[in-house]
Amino acid sequence: LNNPRYAARLAFALKATLGTMKTTYSSWVLHLTHSALFIGCSLIPSVYGQINTGACDLTCPPVANGMVIESLCPGDTVESTVSKKVYDVCHPAPNLAPSTIILDSFRASGHVTVIANYFTGCVAGRRESGVFAHVAQRVHDKNPKVNFIVSLKGGGACTRWASKYQNDASAYSSSGDVPTTMPLTVSDDSYEIRDYFFTHPYPHPSYIVLDENMEVAAKFVGPCCGKIDYFDCSATEASALDGQLTAKIDELLTSYESVEAPKETTAPPTSKPSGPAPASSTPVFDAPVCEVGNFSAWSPCSVTCGEGIQFRWRAVDVRSDGVPSITKSSSAAQLCESTVEKRVCTGSDPTCEEQCIPEFGETFEIDVVSSGFVSPRDVAFHPTPGMHLKDLSEGRKFHPDEGEEAWVLNGGNHSVSIVASLGSSHQTTFSRRDRGYYHYMINATALAFNSVSNSNRAPDQDSFNYWAVCNDNRNNYLGSKEDNFFMGPTLYNSKPNGGNLVNRLGETCNPAEPCHFLHSDMLHEAPACIGIAHDPELKTAYGTVYWAFDATGDLQNGQLVRFDFQQPHGPGSMDHSVAAVRRYPEVKLHRGPPGGHAGMLVHADRRELFVVSPGDGTVLVIDADSGSFSRTAREEYPIFSNRLPSFEYSIYECIHQHVFASGLENPTGLALSSDGARLFVGELGGKILVYEVSSGALLKTVESQFSSIGGMSFSLVSNQLHFVDSNSNVLAAVKPSAACDATPESRLSPDFVDFMLDASSNLDSQHGDGFFSLYRDYECAVDGAIPNGTLFEQVHTDSGYASDNPDVQSQAGMDESAALLANRTDCGIDSDLNFDALLLGGYYCHHCLPQNEGSSCDSGGSCSNVQWRGFTCDNEYFVTFDDESKELVVMNAVGERYESNLHLKRGVTYRFTVNTGSFHPVTLYEDSNLSSISNNVPGNPSASATTGPLIVYPDESTPDVLYLSSSAASVIQLTVIDNVIEPENNEKDDTEAVESNSETQDNTATDTTIVDNDAAIQTNTLQNTTVVDNDSGSKTHNQVTDDEDMDFDFVEPITDLVRA
């Protein structure tokens, strides 16, 4: 029980045996494992040993999932945007080394720069770090033009880890010397250096050697590559790094014609190195000796009217005899008494008058701009309208250059409805979702775009136009499986190319066929997630940082979680090993009613995160850049995405937060004015409240007359406030009808601002930039615990995600053993089969998956799985025109051609995806003379199509023979037969599970379309009911039909078949 790995697995065994324990973040698991936390490396060797020597492929640029990943390789030169960046040096101490470095400072004659790529933790790379530090000091002492840099990340105090590396170096020195001035360790918390110099999937631990012109002379991996635990790589193996490094450096120095540099070859130690002690001692500092000054006078009140705050401050000094100089910083001052005190005050005017708000105007109207959604939860505006749908998609025509584009998230059927050309005569709504929506988009409740268009990131790394959804579910596959909590936000790329948009077989979809989102990444540390916001920060290489509201949290309170997807694994891969997830348990959040949305947004200029906490009626504001690493999260939250050290899962503490607004009734949506001055808060019951951001003052309250407001967002061009309402299934917009006579007057006191600037100047000058904050807990101190290497073994092992085979999650993404899952029939809610393993094994159609075996075939169709690719439907056909033979060509999804006769069953919906071009329209007739057009094409009176679907539904009134034809082409005969339903004989365990709450509604809709001859048609499964008029454009609404499973107590049914 003292080994967390075994304790965690015992927890799972007990759960399976008892049958009553749920797979949760159980406190009893924590009690079993907490006592095993050991500062240093576990003395118990890993049972896994070497896991993947094949992963140490030195190919550069690396190849991921069959795609070449742009990367810095030998012969390339470091870009000036990188070489001119300033990096903070955390170790050695400022009196021994520079506090910052710029790579360009090493761009000089005869110079060599070596960069190492390390992660914290008791991993195999730890062995090499001591060797690197030894070589760095030895070589630099003999040739000061050779400099060594460490990129350190993964959680933990940078100074502590760096000092450990240097202490470890003594084992590799004949005299036992400890390095003092080299290497220069950079705290790479944002993973900038890693992502630029060692772009995944380049292996770890790894090294890069730069010449005097910042050109890559060498790039290689160390001898411990492919191993995980500290004990997997021996000290003897690690010492081989000495020879590797010195050989590369000597080769480069020799090549400098103008420099006579001494070579640095070093023979291996004569005696076998024992290596550093696995649990090397951590420096223990005496308690700091604090000297505090007198408090200042109280500040003026923060507001000119109403209730505000006052504060006073005092200087705090930490004597150097109490704490070593390297820790004389804000962290040391935190151990002293409080620096800032606050109290409530009242402005010069006790009450405030409502002001005219520009976004509402003197008068305004709230109009429904689109309707027919299915329990809409959130709305966001696409930063590049028209990019996703273009001119034509699934046979539908669009006008990408007109109007704006709103994306509405439907919690009721797990889809996204795209309101294209919003506000124009061509406005129309179109819906689609993920093929595996029951995991990747299940009951999605919040949506956020990366809208940062000017980040100056490398084009191949910039995630502008990506979007993420938060899934309010504990991963129970629409109620067909018990909760396993392996759930979190899903990341997508809205660009339609590059595998981001696929057909049922996983291929790039053509303009005529049904398309599905294919996710770019997913992380699994926020089950029952109800809010998400993109962070517009500019430090990370990819810009994939999202904040999420994890409603599960510690089972007592919800928690704030920061997800950095870092380099997304891309469509078609299952690699979750490169990411950073940070939990903030001090931010206690509370969800509201089931199905509710919690608004979140990041104020880019103020670097503040606003979060709605519906359950306690508050809006919190958090300093997005505050907090410090406390400990690994793998012990207390043992379900996570990947066990490799490149996956960071940490707990952060001492975050700066405060309550921005309170006393609200079920707050939901949040939106920020375009100038960042006003925060708009929606209440579930229909109120919209407007606050001034700088002062927190309430400026205006509006009654909307809606009863279930959800997510809110401002349109990017018209700057109108939009929100969704789940009861009426509409998207509404606030439209000012008369502008304000004057701009709003700030309620923030100028005298208060001056006082605050003075306090900031004084305290920041003493303790460093950013030390002063009104909402900092100055008595909070973090002493980051070093993670135990054994905690890198995750609990969620039965899904396949924790397989030792790297192909399970690596770029290959194909585990041969997954084929064994094909015939599994133990589908019961508490059976041993984990449905995550089905998705991981390449199954989009499987007997155990929910709703038509997991597929989105049209009604009455059956699916067949095509492993690793997708699925086919037996009621889908593809129609093209052969220009040479002048014949129609009808094939099924696997390419089998039907020459003349095709059988259709009554009561089954058939999809003929037509792609013949405008000169060869395909029409369905009821007679061989081709004179009577069939009426068995719902919503399509012309029974004709050129590019797009022709949906055919033969019923009891349908003639026994139908004819599919095009001008000057042969006729395809369709024989209609009765649908004889065989008695169901399957081995599915138990009965189909029925949901008892709103978390996993599956309201799969069908299609009904009314079009004219020139208009294109609809999409599948998600009903796009369209009324098209050549002059007025089209409008589409998502409908739910009675033949689908649906909880009508939760999602209000829509009774009208067609709404204009």
# chains A, B, ... in the order shown; residues from 1 in each chain; ligands from 1
>>> residues_around(residues="Gly361 (chain A)", least_positions_apart="5", cutoff="6 Å", atoms="only C-alpha atoms", output="VMD selection string")
chain A and resid 736 738 to 740
>>> residues_around(residues="Thr909 (chain A)", least_positions_apart="3", cutoff="10 Å", atoms="only C-alpha atoms", output="number ranges by chain")
A: 857-861, 875-876, 904-906, 912, 936-938, 951-955, 1006
>>> closest_residue(among="A:Val971, A:Pro511, A:Asp460, A:Pro350", to="Ser393 (chain A)", atoms="only C-alpha atoms")
A:Pro511
>>> select_by_dssp(residues="region 111-308 of chain A", states="helix (DSSP H, G or I)", output="ChimeraX atom specification")
/A:125-142,158-172,192-197,230-232,235-255
>>> select_by_dssp(residues="region 298-535 of chain A", states="strand (DSSP E)", output="ChimeraX atom specification")
/A:307-313,316-318,340-346,363-371,376-381,392-393,396-397,404-410,415-422,428-432,444-449,466-471,490-493,501-502,516-517,521-522,529-534
>>> closest_residue(among="A:Tyr691, A:Trp407, A:Phe486, A:Tyr118", to="Asp836 (chain A)", atoms="only C-alpha atoms")
A:Phe486
>>> closest_atom_pairs(of="region 574-685 of chain A", to="region 539-556 of chain A", cutoff="8 Å", atoms="only C-alpha atoms", output="CSV")
residue,atom,partner,partner_atom,distance
A:Pro585,CA,A:Gly553,CA,7.8
A:Leu589,CA,A:Ala551,CA,7.2
A:His590,CA,A:Ala551,CA,6.9
A:Arg591,CA,A:Ala551,CA,6.1
A:Ala598,CA,A:Phe549,CA,7.5
A:Met600,CA,A:Trp547,CA,8.0
>>> closest_residue(among="A:Asn497, A:Thr246, A:Ser453, A:Thr947", to="Lys390 (chain A)", atoms="only C-alpha atoms")
A:Asn497
>>> residues_around(residues="region 617-626 of chain A", least_positions_apart="3", cutoff="8 Å", atoms="only C-alpha atoms", output="VMD selection string")
chain A and resid 602 607 to 614 654 to 667
>>> closest_residue(among="A:Ser338, A:Ser726, A:Asn450, A:Ser187", to="Ala781 (chain A)", atoms="only C-alpha atoms")
A:Ser338
>>> closest_residue(among="A:Asp521, A:Ser494, A:Ala579, A:Val894", to="Asn465 (chain A)", atoms="only C-alpha atoms")
A:Ser494
